[in-house]
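Asker: Just passing along the structure, written as structure tokens.
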Amino acid sequence: MSMQNPVFIPGPTNIPDSVRKACDMGTLDHRSPAFARLFKPAVEGVRRVLKMDEGEVILIPSTGTGGWEAAVTNTLSPGDTVLAARFGMFSHRWIDLCQRHKLDVEIIETPWGEGAPLAAIEKALRADKGHHIKAVLATHNETATGVKSDIAGIRAAMDAAGHPAMLFVDGVSSIASMPFDFAGWGVDIAVAGSQKGFMLPAGLAILGVSPKAIAAMETARLPRTFFDFKDMLASYAKGGYPYTPAVGLIAGLAHAIDLLESEGLDNVYARHHRLAEGVRRAVFAWGMAPFAASPDLYSDTVTAVKVPPGCDGTALVQLAASKYGMAFGVGLGEVAGKVFRIGHLGMLTEAMVLSGLAVAEMCMADLGWPVTLGSGVAAAQEYYRGTIEAVALAAE
Ligand SMILES: *Cc1c(COP(=O)(O)O)cnc(C)c1O
């Protein structure tokens, strides 16, 4: 028997069959009008998902990390200062990338489990009278800790300080699953990847870039070739690419956005909230708690579950994989072993989530953790029963 359980890692996510089929296409000449016809709906779709009113969408054959590198190298020069809070593995890795590019990163150390510290960001910007800070980096959804940050609040802090820095947002594990408002939040660069909320295989960095960030390219001196937005935009204008694009993924992206929009983006966000809330009810029923410091920080795409004293989150993840064929996320960095993570984003239903919770409980029982089988599942069932929307059955 070939077994395929849903995955509960926070990316890559489960891929809908129709998205897989949309990616599976014969070779297409990327300099032909046929490519331009395929490319345009993907770009326009991303523009709607990000809620952009101006600026450009850039699709690079890469991953989210490449999107970070593109954001930084296109807009900044060696020695420029950027401001970033560090509160998890992903915010840390973005800081590390900037440092390797010889940027001067002003780091606001923030306890893991917290979100972006708005007051400290405003204070740092107010203190920067000479406007040396060129960009504020924000991790919208810290995938390591299951914490979402208030990007509108960061924009408000920047405005309150009257600071002209650009705002770069890592939305890799939030975009297309949680509300995002590029125009409303005054975002200058948003970074996403294909393999999370967009439900595709890995391989595309998806960026929204504001006119202000595009203007910054004129003076930015960090070296860039593969990631150069200027080459990309010049080729786009002619309906093409400066190199070979990931044609299948771009076709899949347009289709995935069709799926998201046929569900309705607001419904997609509501579904993610409902799925996440069911997971949280289960976690509390187990006598555990999310790692996020307070309910306003709870992520709707990933929950890092704090494990009881003496228990090892990584052992649960290993057992789930080896015995039950199901993937959960391990704790990363300073929370290794102290949490395990349940990803609940992308193509996922209540019924699928219940299967994940049931397997997590079996692992806990196997490992001798103090948990009653069925307790978390029952809590999620009660919540889903009361809140689930009737699904429209697929047309015959
Ligand atoms: C997954 C993830 C990344 C890294 O993306 P890759 O596609 O693996 O390069 C960056 N930031 C966040 C918040 C993520 O969840």
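Within each chain, counting starts at residue 1; across the structure tokens, chains are named A, B, ... in the order shown, with ligands numbered 1 upward in that order.
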Give me the residues near range 356-364 of chain A as a list in words, where near means some atom within 6 Å (using only C-alpha atoms) and where sequence neighbours in that chain fewer than 2 positions away do not count.

Answerer: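 Residues near the query, excluding close chain neighbours: Leu316, Val353, Leu354, Asp366, Leu367, Trp369, Leu373 and Val377 of chain A.
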
Asker: Could you please take those selected residues and save N, CA, C and O atoms as a CSV table (one decimal), in the first residue's frame?

Answerer:
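Dumped everything to part-v1.csv:
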```
chain,number,residue,atom,x,y,z
A,316,LEU,N,8.7,13.2,20.0
A,316,LEU,CA,7.3,13.0,19.5
A,316,LEU,C,7.4,13.1,18.0
A,316,LEU,O,6.7,12.3,17.3
A,353,VAL,N,-7.1,18.0,10.1
A,353,VAL,CA,-6.5,18.5,11.4
A,353,VAL,C,-6.8,17.5,12.5
A,353,VAL,O,-5.9,17.1,13.3
A,354,LEU,N,-8.0,16.9,12.5
A,354,LEU,CA,-8.4,16.0,13.6
A,354,LEU,C,-7.5,14.7,13.5
A,354,LEU,O,-7.1,14.2,14.5
A,366,ASP,N,2.3,6.8,23.6
A,366,ASP,CA,3.4,5.9,23.4
A,366,ASP,C,4.6,6.3,24.3
A,366,ASP,O,5.4,5.5,24.7
A,367,LEU,N,4.8,7.6,24.3
A,367,LEU,CA,6.0,8.2,25.0
A,367,LEU,C,5.8,8.3,26.5
A,367,LEU,O,6.7,8.7,27.3
A,369,TRP,N,3.7,10.4,28.0
A,369,TRP,CA,3.3,11.7,28.4
A,369,TRP,C,2.0,11.7,29.2
A,369,TRP,O,1.1,10.8,28.8
A,373,LEU,N,-5.9,9.8,25.9
A,373,LEU,CA,-6.2,9.7,24.5
A,373,LEU,C,-7.6,10.3,24.2
A,373,LEU,O,-8.6,10.0,24.9
A,377,VAL,N,-8.5,15.7,20.7
A,377,VAL,CA,-9.4,15.5,19.6
A,377,VAL,C,-10.8,16.0,19.9
A,377,VAL,O,-11.5,16.7,19.1
```

Asker: Counting only C-alpha atoms, what is within 10 Å of range 8-15 of chain A, bar same-chain residues fewer than 5 positions away, as a PyMOL selection string?

Answerer: chain A and resi 20+143-144+146+172-173+193-202+256+301-303+326-330+340-348+352-353+356-357

Asker: Between A:Leu222, A:Lys238, A:Val105, A:Ala85, which residue has the minimum interatomic distance to Pro33 in chain A, considering only C-alpha atoms?

Answerer: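 Of the candidates, the smallest distance to Pro33 in chain A is held by A:Lys238.
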
Asker: At what distance in Å, to one decimal, does CA of Leu297 in chain A lie from atom 12 (C, counted along the ligand's line) of ligand 1?

Answerer: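 Between atom 12 (C, counted along the ligand's line) of ligand 1 and CA of Leu297 in chain A the gap is 15.9 Å.
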
Asker: Can you pull out the residues contacting Glu382 in chain A? Cut-off 10 Å, using only C-alpha atoms, and skip same-chain residues under 5 positions away; I want them as a list in words.

Answerer: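 Contacts, in chain order: Gly278, Arg281, Val377 and Thr387 of chain A.
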
Asker: Go ahead and save the picked residues with all heavy atoms, as a PDB file, in the first residue's frame.

Answerer:
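The new file result-v5.pdb reads:
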```
ATOM      1  N   GLY A 278      -9.088  25.337  16.704  1.00  0.00           N
ATOM      2  CA  GLY A 278      -9.332  23.943  17.103  1.00  0.00           C
ATOM      3  C   GLY A 278      -8.067  23.292  17.643  1.00  0.00           C
ATOM      4  O   GLY A 278      -8.096  22.584  18.657  1.00  0.00           O
ATOM      5  N   ARG A 281      -7.462  24.605  21.113  1.00  0.00           N
ATOM      6  CA  ARG A 281      -8.352  23.960  22.107  1.00  0.00           C
ATOM      7  C   ARG A 281      -7.796  22.597  22.487  1.00  0.00           C
ATOM      8  O   ARG A 281      -7.843  22.188  23.649  1.00  0.00           O
ATOM      9  CB  ARG A 281      -9.752  23.787  21.529  1.00  0.00           C
ATOM     10  CG  ARG A 281     -10.388  25.076  21.072  1.00  0.00           C
ATOM     11  CD  ARG A 281     -11.229  25.706  22.137  1.00  0.00           C
ATOM     12  NE  ARG A 281     -11.623  27.028  21.682  1.00  0.00           N
ATOM     13  CZ  ARG A 281     -12.861  27.498  21.741  1.00  0.00           C
ATOM     14  NH1 ARG A 281     -13.823  26.765  22.261  1.00  0.00           N
ATOM     15  NH2 ARG A 281     -13.127  28.720  21.320  1.00  0.00           N
ATOM     16  N   VAL A 377      -8.536  15.740  20.716  1.00  0.00           N
ATOM     17  CA  VAL A 377      -9.413  15.529  19.558  1.00  0.00           C
ATOM     18  C   VAL A 377     -10.836  15.966  19.910  1.00  0.00           C
ATOM     19  O   VAL A 377     -11.496  16.676  19.143  1.00  0.00           O
ATOM     20  CB  VAL A 377      -9.382  14.044  19.110  1.00  0.00           C
ATOM     21  CG1 VAL A 377     -10.437  13.772  18.042  1.00  0.00           C
ATOM     22  CG2 VAL A 377      -7.998  13.685  18.571  1.00  0.00           C
ATOM     23  N   THR A 387     -18.683  25.499  14.689  1.00  0.00           N
ATOM     24  CA  THR A 387     -18.245  26.665  13.904  1.00  0.00           C
ATOM     25  C   THR A 387     -18.074  26.381  12.414  1.00  0.00           C
ATOM     26  O   THR A 387     -17.926  27.310  11.626  1.00  0.00           O
ATOM     27  CB  THR A 387     -16.865  27.166  14.409  1.00  0.00           C
ATOM     28  OG1 THR A 387     -15.953  26.072  14.397  1.00  0.00           O
ATOM     29  CG2 THR A 387     -16.953  27.722  15.818  1.00  0.00           C
TER      30      THR A 387
END
```

Asker: How many Å separate CA of Leu76 in chain A from CA of Glu218 in chain A?

Answerer: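 Value for the CA of Leu76 in chain A-CA of Glu218 in chain A distance: 9.8 Å.
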
Asker: So which one's closest to Lys21 in chain A, A:His101, A:His140, A:His255, A:Arg126? Using only C-alpha atoms, please.

Answerer: A:His255

Asker: Based on the backbone DSSP call, show me all residues of range 112-272 of chain A assigned strand (DSSP E), as an MDAnalysis selection string.

Answerer: chainID A and resid 133:139 141:142 147:148 166:170 189:193 204:209

Asker: Residues within 9 Å of Phe226 in chain A, please, as an mmCIF file with all heavy atoms, in the first residue's frame. Count only C-alpha atoms; anything in the same chain fewer than 6 positions from it doesn't count.

Answerer:
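Ended up saving to around.cif:
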```cif
data_model
loop_
_atom_site.group_PDB
_atom_site.id
_atom_site.type_symbol
_atom_site.label_atom_id
_atom_site.label_comp_id
_atom_site.auth_asym_id
_atom_site.auth_seq_id
_atom_site.Cartn_x
_atom_site.Cartn_y
_atom_site.Cartn_z
ATOM 1 N N ILE A 60 10.819 34.909 -8.569
ATOM 2 C CA ILE A 60 12.184 34.442 -8.821
ATOM 3 C C ILE A 60 12.255 32.932 -8.596
ATOM 4 O O ILE A 60 11.710 32.441 -7.610
ATOM 5 C CB ILE A 60 13.183 35.142 -7.866
ATOM 6 C CG1 ILE A 60 13.003 36.660 -7.924
ATOM 7 C CG2 ILE A 60 14.613 34.759 -8.194
ATOM 8 C CD1 ILE A 60 13.868 37.414 -6.913
ATOM 9 N N ALA A 70 17.155 38.886 -2.168
ATOM 10 C CA ALA A 70 16.794 39.812 -3.237
ATOM 11 C C ALA A 70 16.368 41.159 -2.658
ATOM 12 O O ALA A 70 16.750 42.223 -3.159
ATOM 13 C CB ALA A 70 15.666 39.211 -4.076
ATOM 14 N N PRO A 242 14.821 37.408 -17.604
ATOM 15 C CA PRO A 242 16.248 37.519 -17.933
ATOM 16 C C PRO A 242 16.925 36.150 -18.016
ATOM 17 O O PRO A 242 18.063 36.050 -18.449
ATOM 18 C CB PRO A 242 16.822 38.345 -16.783
ATOM 19 C CG PRO A 242 15.856 38.210 -15.674
ATOM 20 C CD PRO A 242 14.509 37.917 -16.272
ATOM 21 N N TYR A 243 16.252 35.117 -17.527
ATOM 22 C CA TYR A 243 16.794 33.751 -17.604
ATOM 23 C C TYR A 243 15.603 32.807 -17.631
ATOM 24 O O TYR A 243 14.456 33.240 -17.773
ATOM 25 C CB TYR A 243 17.748 33.460 -16.444
ATOM 26 C CG TYR A 243 17.307 34.003 -15.101
ATOM 27 C CD1 TYR A 243 16.248 33.426 -14.416
ATOM 28 C CD2 TYR A 243 17.948 35.103 -14.523
ATOM 29 C CE1 TYR A 243 15.845 33.922 -13.193
ATOM 30 C CE2 TYR A 243 17.546 35.598 -13.297
ATOM 31 C CZ TYR A 243 16.494 35.008 -12.628
ATOM 32 O OH TYR A 243 16.089 35.502 -11.418
#
```

Asker: Rank nothing, just name the residue among A:Ala176, A:Val317, A:Leu249, A:Ala116 nearest to Ala152 in chain A, using only C-alpha atoms.

Answerer: A:Ala116

Asker: Using DSSP secondary structure from the backbone, list all alpha helix (DSSP H) positions within range 224-309 of chain A, as a PyMOL selection string.

Answerer: chain A and resi 229-237+247-263+265-285

Asker: Quick one: residues within 12 Å of Met232 in chain A, only C-alpha atoms, excluding same-chain residues fewer than 5 positions away - as an NGL selection string?

Answerer: :A and (56-61 or 70 or 74 or 214 or 224-227 or 237-245)

Asker: For Ala71 in chain A, which residue among A:Val307, A:Ala135, A:Val339, A:Ala282 is the nearest when counting only C-alpha atoms?

Answerer: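 The shortest atom-to-atom distance to Ala71 in chain A comes from A:Ala135.
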
Asker: Just how far from CA of Gly208 in chain A is CA of Ile189 in chain A, in Å to one decimal?

Answerer: 5.5 Å

Asker: Which polymer residues have any atom within 9 Å of an atom of Ile95 in chain A, counting only C-alpha atoms, with same-chain residues fewer than 5 positions away left out, as a ChimeraX atom specification?

Answerer: /A:84-86,90,100,105,107,137
